[in-house]
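So this one's final32.pdb, PDB, C-alpha atoms:
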```
MODEL        1
ATOM      1  CA  MET P 176      69.532 -77.627  29.931
ATOM      2  CA  GLY P 177      69.544 -77.845  26.145
ATOM      3  CA  LYS P 178      71.216 -75.896  23.392
ATOM      4  CA  VAL P 179      69.556 -72.699  22.200
ATOM      5  CA  VAL P 180      67.883 -73.034  18.819
ATOM      6  CA  VAL P 181      67.163 -69.899  16.787
ATOM      7  CA  SER P 182      64.463 -70.952  14.350
ATOM      8  CA  PRO P 183      63.327 -69.120  11.207
ATOM      9  CA  GLU P 184      59.794 -69.030  12.569
ATOM     10  CA  ALA P 185      60.869 -67.403  15.826
ATOM     11  CA  LEU P 186      62.948 -64.806  13.998
ATOM     12  CA  ALA P 187      60.126 -63.986  11.592
ATOM     13  CA  LYS P 188      57.745 -63.551  14.520
ATOM     14  CA  SER P 189      60.209 -61.294  16.353
ATOM     15  CA  ALA P 190      60.757 -59.216  13.212
ATOM     16  CA  ALA P 191      57.051 -58.410  13.136
ATOM     17  CA  LYS P 192      56.758 -57.924  16.891
ATOM     18  CA  TYR P 193      59.783 -55.642  17.279
ATOM     19  CA  ARG P 194      59.630 -53.958  13.875
ATOM     20  CA  ARG P 195      59.746 -50.378  15.193
ATOM     21  CA  GLU P 196      62.610 -51.119  17.568
ATOM     22  CA  ILE P 197      64.668 -52.889  14.904
ATOM     23  CA  LEU P 198      64.114 -50.066  12.416
ATOM     24  CA  MET P 199      65.644 -47.726  15.000
ATOM     25  CA  MET P 200      68.790 -49.836  15.317
ATOM     26  CA  PRO P 201      70.552 -48.235  12.295
ATOM     27  CA  VAL P 202      69.897 -44.832  13.875
ATOM     28  CA  PHE P 203      71.204 -45.959  17.269
ATOM     29  CA  ALA P 204      74.313 -47.284  15.526
ATOM     30  CA  LEU P 205      75.222 -43.718  14.571
ATOM     31  CA  GLY P 206      76.179 -43.523  18.224
ATOM     32  CA  GLU P 207      78.313 -40.562  19.271
ATOM     33  CA  PHE P 208      77.597 -38.765  15.997
ATOM     34  CA  LEU P 209      73.937 -38.277  16.994
ATOM     35  CA  LYS P 210      75.023 -36.123  19.944
ATOM     36  CA  HIS P 211      76.304 -33.524  17.502
ATOM     37  CA  VAL P 212      73.511 -33.426  14.886
ATOM     38  CA  SER P 213      69.760 -32.870  14.743
ATOM     39  CA  LEU P 214      67.706 -35.991  14.008
ATOM     40  CA  ARG P 215      64.485 -35.408  12.033
ATOM     41  CA  THR P 216      61.928 -38.225  12.048
ATOM     42  CA  GLY P 217      58.846 -38.652   9.903
ATOM     43  CA  ILE P 218      60.633 -37.562   6.718
ATOM     44  CA  ARG P 219      59.305 -39.558   3.772
ATOM     45  CA  TYR P 220      61.285 -38.730   0.594
ATOM     46  CA  SER P 221      61.685 -35.002   1.237
ATOM     47  CA  GLU P 222      60.951 -32.044   3.440
ATOM     48  CA  THR P 223      61.664 -28.382   2.709
ATOM     49  CA  VAL P 224      63.655 -26.667   5.406
ATOM     50  CA  GLY P 225      65.054 -23.153   5.378
ATOM     51  CA  GLU P 226      65.484 -19.841   7.089
ATOM     52  CA  MET P 227      64.201 -16.286   6.835
ATOM     53  CA  SER P 228      66.515 -13.573   5.591
ATOM     54  CA  GLY P 229      66.184  -9.819   5.329
ATOM     55  CA  SER P 230      66.240  -6.958   7.769
ATOM     56  CA  MET P 231      63.996  -4.389   9.399
ATOM     57  CA  GLU P 232      65.389  -1.228  10.980
ATOM     58  CA  LEU P 233      63.982   1.492  13.160
ATOM     59  CA  GLY P 234      64.931   4.888  11.682
ATOM     60  CA  PRO P 235      64.147   8.523  12.440
ATOM     61  CA  TYR P 236      60.431   9.224  12.527
ATOM     62  CA  SER P 237      58.862   9.699   9.119
ATOM     63  CA  GLU P 238      55.227   9.688   8.001
ATOM     64  CA  THR P 239      56.157   8.764   4.426
ATOM     65  CA  ARG P 240      59.097   6.382   4.601
ATOM     66  CA  ILE P 241      58.229   2.723   3.903
ATOM     67  CA  ASP P 242      60.659  -0.188   4.057
ATOM     68  CA  ASP P 243      60.113  -2.129   0.824
ATOM     69  CA  ASP P 244      62.911  -4.681   1.310
ATOM     70  CA  ASP P 245      61.531  -8.209   1.111
ATOM     71  CA  VAL P 246      61.872 -10.767   3.844
ATOM     72  CA  GLN P 247      62.750 -13.979   2.031
ATOM     73  CA  ILE P 248      62.581 -17.615   3.018
ATOM     74  CA  VAL P 249      65.532 -19.481   1.545
ATOM     75  CA  GLY P 250      64.444 -23.081   1.163
ATOM     76  CA  ARG P 251      66.593 -26.187   1.221
ATOM     77  CA  THR P 252      65.354 -29.725   0.757
ATOM     78  CA  LEU P 253      66.174 -32.557   3.113
ATOM     79  CA  TYR P 254      65.918 -35.712   1.015
ATOM     80  CA  THR P 255      65.505 -39.112   2.598
ATOM     81  CA  TYR P 256      66.164 -41.854   0.107
ATOM     82  CA  PHE P 257      64.350 -45.171   0.221
ATOM     83  CA  GLY P 258      66.868 -47.956   0.658
ATOM     84  CA  SER P 259      66.790 -51.700   1.062
ATOM     85  CA  VAL P 260      68.997 -54.558   2.130
ATOM     86  CA  VAL P 261      68.606 -58.301   1.725
ATOM     87  CA  LYS P 262      71.310 -60.153   3.614
ATOM     88  CA  LYS P 263      71.847 -63.876   3.938
ATOM     89  CA  PHE P 264      72.889 -64.944   7.425
ATOM     90  CA  SER P 265      73.243 -67.965   9.674
ATOM     91  CA  PRO P 266      71.285 -67.283  12.865
ATOM     92  CA  ASN P 267      73.394 -69.534  15.038
ATOM     93  CA  LYS P 268      76.612 -67.849  13.909
ATOM     94  CA  VAL P 269      75.112 -64.447  14.662
ATOM     95  CA  TYR P 270      74.035 -65.265  18.192
ATOM     96  CA  GLN P 271      77.377 -66.923  18.915
ATOM     97  CA  SER P 272      79.156 -63.769  17.804
ATOM     98  CA  ILE P 273      76.993 -61.755  20.193
ATOM     99  CA  TYR P 274      77.327 -63.899  23.283
ATOM    100  CA  GLY P 275      80.317 -66.134  22.608
ATOM    101  CA  ASN P 276      80.485 -69.882  22.900
ATOM    102  CA  ALA P 277      80.296 -69.731  26.688
ATOM    103  CA  ILE P 278      76.581 -68.940  26.616
ATOM    104  CA  THR P 279      75.031 -71.939  24.936
ATOM    105  CA  LYS P 280      72.800 -73.307  27.673
ATOM    106  CA  GLY P 281      69.324 -72.383  28.703
ATOM    107  CA  GLU P 282      70.330 -71.003  32.105
ATOM    108  CA  GLY P 283      72.672 -68.469  30.526
ATOM    109  CA  LEU P 284      69.954 -67.181  28.250
ATOM    110  CA  LYS P 285      67.031 -67.556  30.601
ATOM    111  CA  ASN P 286      66.237 -63.830  30.670
ATOM    112  CA  VAL P 287      67.340 -63.005  27.128
ATOM    113  CA  ASP P 288      65.146 -62.776  24.026
ATOM    114  CA  ILE P 289      67.739 -64.218  21.669
ATOM    115  CA  THR P 290      65.734 -63.664  18.481
ATOM    116  CA  ARG P 291      65.269 -60.012  19.346
ATOM    117  CA  GLU P 292      68.990 -59.627  20.015
ATOM    118  CA  VAL P 293      69.917 -61.293  16.728
ATOM    119  CA  LEU P 294      67.704 -58.910  14.749
ATOM    120  CA  ASN P 295      68.912 -55.851  16.654
ATOM    121  CA  PHE P 296      72.483 -56.919  15.945
ATOM    122  CA  LEU P 297      71.770 -57.099  12.213
ATOM    123  CA  GLY P 298      70.001 -53.738  12.302
ATOM    124  CA  LYS P 299      73.051 -52.154  13.940
ATOM    125  CA  LYS P 300      75.228 -53.544  11.172
ATOM    126  CA  VAL P 301      73.093 -51.581   8.708
ATOM    127  CA  GLY P 302      73.648 -48.487  10.847
ATOM    128  CA  ASN P 303      77.419 -48.997  10.919
ATOM    129  CA  SER P 304      77.479 -48.635   7.150
ATOM    130  CA  LEU P 305      75.461 -45.419   7.379
ATOM    131  CA  TYR P 306      77.881 -44.046   9.968
ATOM    132  CA  TRP P 307      80.987 -44.634   7.864
ATOM    133  CA  ASN P 308      79.399 -42.947   4.831
ATOM    134  CA  MET P 309      77.883 -39.871   6.522
ATOM    135  CA  TRP P 310      80.324 -37.481   4.862
ATOM    136  CA  ASN P 311      81.354 -38.995   1.530
ATOM    137  CA  ALA P 312      78.269 -40.862   0.259
ATOM    138  CA  VAL P 313      77.206 -39.920  -3.281
ATOM    139  CA  ARG P 314      73.695 -40.726  -4.481
ATOM    140  CA  ASN P 315      73.782 -43.220  -7.357
ATOM    141  CA  ASP P 316      70.427 -44.616  -8.463
ATOM    142  CA  ASN P 317      72.154 -47.647  -9.957
ATOM    143  CA  GLY P 318      74.358 -48.352  -6.945
ATOM    144  CA  THR P 319      74.130 -51.255  -4.526
ATOM    145  CA  LYS P 320      75.957 -49.985  -1.411
ATOM    146  CA  THR P 321      75.280 -47.512   1.392
ATOM    147  CA  LYS P 322      77.736 -45.101  -0.228
ATOM    148  CA  ASP P 323      75.280 -44.944  -3.178
ATOM    149  CA  LEU P 324      72.124 -44.344  -1.111
ATOM    150  CA  PHE P 325      72.316 -40.622  -0.230
ATOM    151  CA  ASN P 326      74.475 -37.520  -0.491
ATOM    152  CA  GLY P 327      76.776 -37.079   2.491
ATOM    153  CA  PHE P 328      77.690 -33.747   4.058
ATOM    154  CA  ASP P 329      80.985 -33.442   2.157
ATOM    155  CA  THR P 330      79.230 -34.270  -1.108
ATOM    156  CA  ILE P 331      76.595 -31.599  -0.476
ATOM    157  CA  THR P 332      79.364 -29.127   0.347
ATOM    158  CA  SER P 333      81.211 -29.894  -2.902
ATOM    159  CA  GLN P 334      78.001 -29.545  -4.916
ATOM    160  CA  GLU P 335      77.244 -26.164  -3.350
ATOM    161  CA  ILE P 336      80.803 -24.959  -4.034
ATOM    162  CA  THR P 337      80.437 -25.971  -7.683
ATOM    163  CA  ALA P 338      77.123 -24.116  -7.837
ATOM    164  CA  GLY P 339      78.748 -21.030  -6.322
ATOM    165  CA  ASN P 340      76.545 -21.080  -3.233
ATOM    166  CA  ILE P 341      79.461 -21.769  -0.897
ATOM    167  CA  ALA P 342      82.360 -19.458  -1.697
ATOM    168  CA  VAL P 343      85.028 -17.313  -0.098
ATOM    169  CA  ALA P 344      83.246 -14.222  -1.430
ATOM    170  CA  LYS P 345      80.051 -15.326   0.312
ATOM    171  CA  LYS P 346      82.006 -15.740   3.562
ATOM    172  CA  ASN P 347      80.898 -19.323   4.112
ATOM    173  CA  LEU P 348      84.099 -20.897   2.783
ATOM    174  CA  LEU P 349      87.648 -20.726   4.092
ATOM    175  CA  THR P 350      90.519 -22.292   2.140
ATOM    176  CA  LEU P 351      93.526 -23.289   4.207
ATOM    177  CA  THR P 352      96.978 -22.594   2.807
ATOM    178  CA  GLU P 353      98.850 -24.967   5.110
ATOM    179  CA  ASP P 354      98.438 -28.511   6.338
ATOM    180  CA  ILE P 355      97.352 -28.930   9.953
ATOM    181  CA  ASP P 356     100.019 -30.582  12.098
ATOM    182  CA  ALA P 357     101.397 -30.586  15.634
ATOM    183  CA  THR P 358     103.299 -27.324  15.033
ATOM    184  CA  ASN P 359     100.431 -25.104  13.881
ATOM    185  CA  ALA P 360      97.106 -26.732  14.834
ATOM    186  CA  VAL P 361      96.302 -24.274  17.629
ATOM    187  CA  ASP P 362      96.860 -21.248  15.399
ATOM    188  CA  VAL P 363      94.960 -22.763  12.452
ATOM    189  CA  LEU P 364      91.904 -23.678  14.515
ATOM    190  CA  LYS P 365      91.916 -20.251  16.161
ATOM    191  CA  THR P 366      92.056 -18.709  12.670
ATOM    192  CA  ILE P 367      89.059 -20.817  11.628
ATOM    193  CA  TRP P 368      87.059 -19.624  14.622
ATOM    194  CA  ARG P 369      88.007 -15.997  14.108
ATOM    195  CA  SER P 370      87.067 -16.244  10.410
ATOM    196  CA  ALA P 371      83.501 -17.238  11.233
ATOM    197  CA  ASP P 372      80.616 -14.812  10.864
ATOM    198  CA  PRO P 373      79.921 -12.839  14.073
ATOM    199  CA  MET P 374      76.377 -14.248  14.214
ATOM    200  CA  LEU P 375      77.701 -17.816  14.041
ATOM    201  CA  LYS P 376      80.216 -17.065  16.793
ATOM    202  CA  ARG P 377      77.370 -16.124  19.113
ATOM    203  CA  GLU P 378      76.157 -19.717  19.029
ATOM    204  CA  LYS P 379      77.524 -22.864  20.582
ATOM    205  CA  CYS P 380      79.294 -24.376  17.584
ATOM    206  CA  LYS P 381      80.708 -27.697  16.504
ATOM    207  CA  LEU P 382      83.962 -27.879  14.550
ATOM    208  CA  PHE P 383      83.871 -31.271  12.848
ATOM    209  CA  VAL P 384      87.394 -32.610  12.277
ATOM    210  CA  PRO P 385      89.177 -35.936  11.746
ATOM    211  CA  PRO P 386      90.760 -37.412  14.904
ATOM    212  CA  SER P 387      94.210 -36.562  13.504
ATOM    213  CA  VAL P 388      93.399 -32.843  13.724
ATOM    214  CA  LEU P 389      92.407 -33.093  17.382
ATOM    215  CA  ASP P 390      95.585 -35.090  18.086
ATOM    216  CA  ALA P 391      97.632 -32.356  16.415
ATOM    217  CA  TYR P 392      95.768 -29.676  18.367
ATOM    218  CA  ASN P 393      96.441 -31.413  21.681
ATOM    219  CA  ASP P 394     100.135 -31.905  20.868
ATOM    220  CA  ASP P 395     100.550 -28.307  19.752
ATOM    221  CA  TYR P 396      98.591 -26.980  22.741
ATOM    222  CA  LYS P 397     100.771 -28.957  25.139
ATOM    223  CA  ALA P 398     103.964 -27.763  23.468
ATOM    224  CA  THR P 399     102.728 -24.165  23.422
ATOM    225  CA  THR P 400     101.361 -23.852  26.964
ATOM    226  CA  GLY P 401     103.679 -26.295  28.737
ATOM    227  CA  SER P 402     103.151 -26.056  32.490
ATOM    228  CA  ILE P 403     101.105 -22.841  32.489
ATOM    229  CA  ALA P 404      98.581 -22.928  35.326
ATOM    230  CA  TYR P 405      95.470 -23.003  33.135
ATOM    231  CA  ASN P 406      96.737 -25.977  31.124
ATOM    232  CA  THR P 407      95.218 -28.457  33.547
ATOM    233  CA  LYS P 408      94.579 -31.313  31.139
ATOM    234  CA  PHE P 409      96.099 -32.708  27.988
ATOM    235  CA  ASN P 410      92.840 -33.340  26.165
ATOM    236  CA  GLN P 411      91.462 -30.029  24.886
ATOM    237  CA  THR P 412      87.934 -30.129  23.489
ATOM    238  CA  PHE P 413      87.339 -26.441  22.730
ATOM    239  CA  VAL P 414      89.261 -24.011  20.555
ATOM    240  CA  GLU P 415      91.209 -21.639  22.767
ATOM    241  CA  GLY P 416      89.822 -18.125  22.736
ATOM    242  CA  SER P 417      86.293 -19.222  21.799
ATOM    243  CA  GLU P 418      84.980 -18.986  25.372
ATOM    244  CA  ASN P 419      84.036 -22.660  25.079
ATOM    245  CA  LYS P 420      81.680 -21.892  22.195
ATOM    246  CA  CYS P 421      83.677 -23.831  19.593
ATOM    247  CA  GLU P 422      83.714 -27.513  20.463
ATOM    248  CA  ILE P 423      86.223 -29.643  18.560
ATOM    249  CA  VAL P 424      84.283 -32.725  17.471
ATOM    250  CA  ALA P 425      86.710 -35.415  16.337
ATOM    251  CA  ILE P 426      84.711 -38.065  14.464
ATOM    252  CA  ASP P 427      86.500 -41.100  13.065
ATOM    253  CA  ASN P 428      84.194 -41.240  10.035
ATOM    254  CA  LYS P 429      85.590 -37.792   9.126
ATOM    255  CA  ALA P 430      89.049 -39.261   8.449
ATOM    256  CA  GLY P 431      90.059 -38.630   4.844
ATOM    257  CA  SER P 432      87.529 -35.816   4.449
ATOM    258  CA  GLU P 433      88.480 -32.830   2.281
ATOM    259  CA  PHE P 434      86.575 -30.403   4.496
ATOM    260  CA  LEU P 435      86.203 -29.332   8.079
ATOM    261  CA  HIS P 436      82.819 -27.899   9.065
ATOM    262  CA  LEU P 437      82.066 -25.217  11.628
ATOM    263  CA  THR P 438      78.362 -25.059  12.349
ATOM    264  CA  THR P 439      75.716 -25.685  14.981
ATOM    265  CA  ARG P 440      74.093 -28.934  15.979
ATOM    266  CA  GLN P 441      70.709 -27.626  14.786
ATOM    267  CA  ASN P 442      72.098 -27.020  11.306
ATOM    268  CA  MET P 443      73.260 -30.612  10.775
ATOM    269  CA  LEU P 444      70.150 -32.542   9.789
ATOM    270  CA  VAL P 445      69.882 -36.317   9.640
ATOM    271  CA  GLY P 446      66.523 -37.436   8.261
ATOM    272  CA  VAL P 447      64.706 -40.721   8.796
ATOM    273  CA  ASN P 448      61.086 -41.795   8.624
ATOM    274  CA  GLN P 449      60.374 -44.537  11.194
ATOM    275  CA  THR P 450      56.619 -44.040  10.869
ATOM    276  CA  GLY P 451      55.606 -45.283   7.415
ATOM    277  CA  GLU P 452      54.373 -48.685   6.371
ATOM    278  CA  GLU P 453      56.877 -48.709   3.500
ATOM    279  CA  GLU P 454      59.625 -49.393   6.040
ATOM    280  CA  THR P 455      59.821 -53.066   6.815
ATOM    281  CA  VAL P 456      61.807 -55.683   8.676
ATOM    282  CA  ALA P 457      61.382 -59.330   7.755
ATOM    283  CA  VAL P 458      63.138 -62.681   7.958
ATOM    284  CA  GLU P 459      62.631 -65.294   5.285
ATOM    285  CA  LYS P 460      64.021 -68.766   4.877
ATOM    286  CA  HIS P 461      66.632 -69.011   2.135
ATOM    287  CA  GLU P 462      68.255 -72.411   2.577
ATOM    288  CA  ALA P 463      68.249 -75.153   5.184
ATOM    289  CA  PHE P 464      70.588 -73.286   7.547
ATOM    290  CA  VAL P 465      70.646 -69.830   5.949
ATOM    291  CA  LEU P 466      68.025 -67.104   6.299
ATOM    292  CA  GLN P 467      67.488 -63.694   4.694
ATOM    293  CA  PHE P 468      67.322 -60.490   6.738
ATOM    294  CA  ILE P 469      65.275 -57.897   4.827
ATOM    295  CA  MET P 470      65.044 -54.220   5.728
ATOM    296  CA  THR P 471      63.713 -51.166   3.913
ATOM    297  CA  ALA P 472      64.070 -47.670   5.340
ATOM    298  CA  PHE P 473      64.466 -43.971   4.525
ATOM    299  CA  PHE P 474      67.687 -42.072   5.215
ATOM    300  CA  GLY P 475      69.359 -38.813   4.217
ATOM    301  CA  CYS P 476      71.142 -35.709   5.491
ATOM    302  CA  GLN P 477      71.306 -31.997   4.722
ATOM    303  CA  PHE P 478      72.407 -28.619   6.066
ATOM    304  CA  GLU P 479      69.439 -26.568   7.184
ATOM    305  CA  SER P 480      71.286 -23.494   5.958
ATOM    306  CA  ILE P 481      74.577 -22.743   4.230
ATOM    307  CA  SER P 482      74.517 -19.032   5.007
ATOM    308  CA  PRO P 483      77.644 -17.723   6.770
ATOM    309  CA  GLU P 484      75.540 -16.999   9.852
ATOM    310  CA  ARG P 485      74.964 -20.739  10.186
ATOM    311  CA  MET P 486      77.976 -22.504   8.676
ATOM    312  CA  LEU P 487      81.591 -22.139   7.601
ATOM    313  CA  ALA P 488      83.090 -24.829   5.364
ATOM    314  CA  ILE P 489      86.865 -25.151   5.561
ATOM    315  CA  LYS P 490      88.661 -26.662   2.581
ATOM    316  CA  LEU P 491      91.855 -28.438   3.575
ATOM    317  CA  LYS P 492      95.047 -27.560   1.743
ATOM    318  CA  ALA P 493      95.437 -30.985   0.101
ATOM    319  CA  ALA P 494      91.873 -30.824  -1.231
ATOM    320  CA  ALA P 495      92.397 -27.317  -2.569
ATOM    321  CA  GLN P 496      95.581 -28.418  -4.368
ATOM    322  CA  ASN P 497      93.821 -31.424  -5.877
ATOM    323  CA  GLN P 498      91.038 -29.223  -7.216
ATOM    324  CA  GLY P 499      93.526 -26.732  -8.555
TER
ENDMDL
END
```

Output the file's structure in the form of structure tokens.
Amino acid sequence: MGKVVVSPEALAKSAAKYRREILMMPVFALGEFLKHVSLRTGIRYSETVGEMSGSMELGPYSETRIDDDDVQIVGRTLYTYFGSVVKKFSPNKVYQSIYGNAITKGEGLKNVDITREVLNFLGKKVGNSLYWNMWNAVRNDNGTKTKDLFNGFDTITSQEITAGNIAVAKKNLLTLTEDIDATNAVDVLKTIWRSADPMLKREKCKLFVPPSVLDAYNDDYKATTGSIAYNTKFNQTFVEGSENKCEIVAIDNKAGSEFLHLTTRQNMLVGVNQTGEEETVAVEKHEAFVLQFIMTAFFGCQFESISPERMLAIKLKAAAQNQG
């Protein structure tokens, strides 16, 4: 039973064979976040999304009255930016980090395609970087990191506030006047829910918050309700009074964000391609014991709509003070 050898030739062959699977690894690495957003595939550079607005009303019978109000389609563009990575790596170090030193003999790896696992592991590493930049990434054509590849949800929100498209007057922005802590979290989150547009409150919504906000909510809820009969568990995942329509989604990549977002899963778009020949996975020999992992792929995100019927952005107090 000999030692496992991960050769450049075997890795290059696996990269071609499992190309589609490996290209999906960055998406899979988004993990729990994907349960709360809408993934769009087949997006190459851009796709226009949007919603219809306008009204039509039935009034008292008239042979002459005509409703001339236009029904408009408000378009938004979901951009997927073409990105690349070229990473030097030692294949043996990678597989050892996956399986540990205990699995070094043929019997232990008899039913495992080690080259496939090595490439999937590297693909997931690409996805980890996407995950941690989902909110605060800022597109920079001259950048070299994931944070430079696309505009994250917070960045898009800030841009729309600057443009005047998200504003208190438009009823899709709420500015908090107090920090959220363990003494007020229940009241603040209830205020957020009650401030939402009635049409939005008809939907099953997601309130995206940092984990610290959920911790504060749980602590405050426990202190407020104590041993009341309906307080059957410490971990609360819905805002009280929302009839389980407002799910509190605590995402660790939201830590440090200047906004909370109340919206629906369908409104949070994450765009990828996964179908075009421009997207590649390859392994090339770099040095005697060092190879290059090469990947190109499309990625981006966008709100389908920023109308108050679909989204409420909540500016945290600290962010509001910094802007002021």

Selection near stretch 188-195 of chain P, 12 Å with all atoms listed in the file, sequence-local residues under 3 positions removed, as a PyMOL selection string: chain P and resi 181-185+198-202+288-295+297-298+448-459+467-472

Give me the residues near P:Phe296 as a PyMOL selection string, where near means some atom within 10 Å (using only C-alpha atoms) and where sequence neighbours in that chain fewer than 6 positions away do not count. chain P and resi 197+200-201+204+269-270+272-273+290+302

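We find atom CA of P:Thr366 and atom CA of P:Val424 to be spaced 16.7 Å apart.
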
Contacts of P:Arg314 at 7 Å (all atoms listed in the file; same-chain gap of 5+ positions) as a PyMOL selection string: chain P and resi 323-326

Take the point (80.3, -25.2, 19.5) in the file's coordinates, draw a sphere of radius 9 Å around it, and report as a PDB file with C-alpha atoms, in the coordinates of the input every protein, DNA or RNA residue with an atom inside or on it, counting all atoms listed in the file.
```
ATOM      1  CA  LYS P 376      80.216 -17.065  16.793  1.00  0.00           C
ATOM      2  CA  GLU P 378      76.157 -19.717  19.029  1.00  0.00           C
ATOM      3  CA  LYS P 379      77.524 -22.864  20.582  1.00  0.00           C
ATOM      4  CA  CYS P 380      79.294 -24.376  17.584  1.00  0.00           C
ATOM      5  CA  LYS P 381      80.708 -27.697  16.504  1.00  0.00           C
ATOM      6  CA  LEU P 382      83.962 -27.879  14.550  1.00  0.00           C
ATOM      7  CA  PHE P 413      87.339 -26.441  22.730  1.00  0.00           C
ATOM      8  CA  SER P 417      86.293 -19.222  21.799  1.00  0.00           C
ATOM      9  CA  ASN P 419      84.036 -22.660  25.079  1.00  0.00           C
ATOM     10  CA  LYS P 420      81.680 -21.892  22.195  1.00  0.00           C
ATOM     11  CA  CYS P 421      83.677 -23.831  19.593  1.00  0.00           C
ATOM     12  CA  GLU P 422      83.714 -27.513  20.463  1.00  0.00           C
ATOM     13  CA  ILE P 423      86.223 -29.643  18.560  1.00  0.00           C
ATOM     14  CA  VAL P 424      84.283 -32.725  17.471  1.00  0.00           C
ATOM     15  CA  LEU P 437      82.066 -25.217  11.628  1.00  0.00           C
ATOM     16  CA  THR P 438      78.362 -25.059  12.349  1.00  0.00           C
ATOM     17  CA  THR P 439      75.716 -25.685  14.981  1.00  0.00           C
ATOM     18  CA  ARG P 440      74.093 -28.934  15.979  1.00  0.00           C
TER      19      ARG P 440
END
```

I need every residue sitting at most 9 Å from the point (62.9, -27.7, 1.7) (coordinates as in the file, only C-alpha atoms considered), written as a PDB file with C-alpha atoms, in the coordinates of the input.
```pdb
ATOM      1  CA  SER P 221      61.685 -35.002   1.237  1.00  0.00           C
ATOM      2  CA  GLU P 222      60.951 -32.044   3.440  1.00  0.00           C
ATOM      3  CA  THR P 223      61.664 -28.382   2.709  1.00  0.00           C
ATOM      4  CA  VAL P 224      63.655 -26.667   5.406  1.00  0.00           C
ATOM      5  CA  GLY P 225      65.054 -23.153   5.378  1.00  0.00           C
ATOM      6  CA  VAL P 249      65.532 -19.481   1.545  1.00  0.00           C
ATOM      7  CA  GLY P 250      64.444 -23.081   1.163  1.00  0.00           C
ATOM      8  CA  ARG P 251      66.593 -26.187   1.221  1.00  0.00           C
ATOM      9  CA  THR P 252      65.354 -29.725   0.757  1.00  0.00           C
ATOM     10  CA  LEU P 253      66.174 -32.557   3.113  1.00  0.00           C
ATOM     11  CA  TYR P 254      65.918 -35.712   1.015  1.00  0.00           C
ATOM     12  CA  GLU P 479      69.439 -26.568   7.184  1.00  0.00           C
TER      13      GLU P 479
END
```

Apply the PyMOL selection byres ((chain P and resi 486-493) around 6) to the file shown and report the selected residues as a list of chain:residue names. P:Asn347, P:Leu348, P:Leu349, P:Thr350, P:Leu351, P:Thr352, P:Glu353, P:Asp354, P:Glu433, P:Phe434, P:Leu435, P:His436, P:Leu437, P:Thr438, P:Ile481, P:Pro483, P:Arg485, P:Ala494, P:Ala495, P:Gln496

Pull C-alpha atoms from the residues just selected and write them as an mmCIF file, keeping the file's coordinate frame.
```cif
data_model
loop_
_atom_site.group_PDB
_atom_site.id
_atom_site.type_symbol
_atom_site.label_atom_id
_atom_site.label_comp_id
_atom_site.auth_asym_id
_atom_site.auth_seq_id
_atom_site.Cartn_x
_atom_site.Cartn_y
_atom_site.Cartn_z
ATOM 1 C CA ASN P 347 80.898 -19.323 4.112
ATOM 2 C CA LEU P 348 84.099 -20.897 2.783
ATOM 3 C CA LEU P 349 87.648 -20.726 4.092
ATOM 4 C CA THR P 350 90.519 -22.292 2.140
ATOM 5 C CA LEU P 351 93.526 -23.289 4.207
ATOM 6 C CA THR P 352 96.978 -22.594 2.807
ATOM 7 C CA GLU P 353 98.850 -24.967 5.110
ATOM 8 C CA ASP P 354 98.438 -28.511 6.338
ATOM 9 C CA GLU P 433 88.480 -32.830 2.281
ATOM 10 C CA PHE P 434 86.575 -30.403 4.496
ATOM 11 C CA LEU P 435 86.203 -29.332 8.079
ATOM 12 C CA HIS P 436 82.819 -27.899 9.065
ATOM 13 C CA LEU P 437 82.066 -25.217 11.628
ATOM 14 C CA THR P 438 78.362 -25.059 12.349
ATOM 15 C CA ILE P 481 74.577 -22.743 4.230
ATOM 16 C CA PRO P 483 77.644 -17.723 6.770
ATOM 17 C CA ARG P 485 74.964 -20.739 10.186
ATOM 18 C CA ALA P 494 91.873 -30.824 -1.231
ATOM 19 C CA ALA P 495 92.397 -27.317 -2.569
ATOM 20 C CA GLN P 496 95.581 -28.418 -4.368
#
```

Excluding stretch 359-364 of chain P and its own-chain neighbours fewer than 5 positions away, which residues fall within 7 Å of it when counting only C-alpha atoms? Please give them as a VMD selection string. chain P and resid 391 to 392 395 to 396 414

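Taking atom CA of P:Ser265 as the reference point, atom CA of P:Leu305 is found at 22.8 Å.
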
Convert the output of the PyMOL selection byres ((chain P and resi 394) around 12) on the shown file into explicit residues, formatted as a ChimeraX atom specification. /P:355-361,387-393,395-401,408-411

Output file for the selection above: C-alpha atoms, as a CSV table (one decimal), in the frame of the given file:
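Below is the file again_15.csv, written as the result:
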```csv
chain,number,residue,atom,x,y,z
P,355,ILE,CA,97.4,-28.9,10.0
P,356,ASP,CA,100.0,-30.6,12.1
P,357,ALA,CA,101.4,-30.6,15.6
P,358,THR,CA,103.3,-27.3,15.0
P,359,ASN,CA,100.4,-25.1,13.9
P,360,ALA,CA,97.1,-26.7,14.8
P,361,VAL,CA,96.3,-24.3,17.6
P,387,SER,CA,94.2,-36.6,13.5
P,388,VAL,CA,93.4,-32.8,13.7
P,389,LEU,CA,92.4,-33.1,17.4
P,390,ASP,CA,95.6,-35.1,18.1
P,391,ALA,CA,97.6,-32.4,16.4
P,392,TYR,CA,95.8,-29.7,18.4
P,393,ASN,CA,96.4,-31.4,21.7
P,395,ASP,CA,100.6,-28.3,19.8
P,396,TYR,CA,98.6,-27.0,22.7
P,397,LYS,CA,100.8,-29.0,25.1
P,398,ALA,CA,104.0,-27.8,23.5
P,399,THR,CA,102.7,-24.2,23.4
P,400,THR,CA,101.4,-23.9,27.0
P,401,GLY,CA,103.7,-26.3,28.7
P,408,LYS,CA,94.6,-31.3,31.1
P,409,PHE,CA,96.1,-32.7,28.0
P,410,ASN,CA,92.8,-33.3,26.2
P,411,GLN,CA,91.5,-30.0,24.9
```
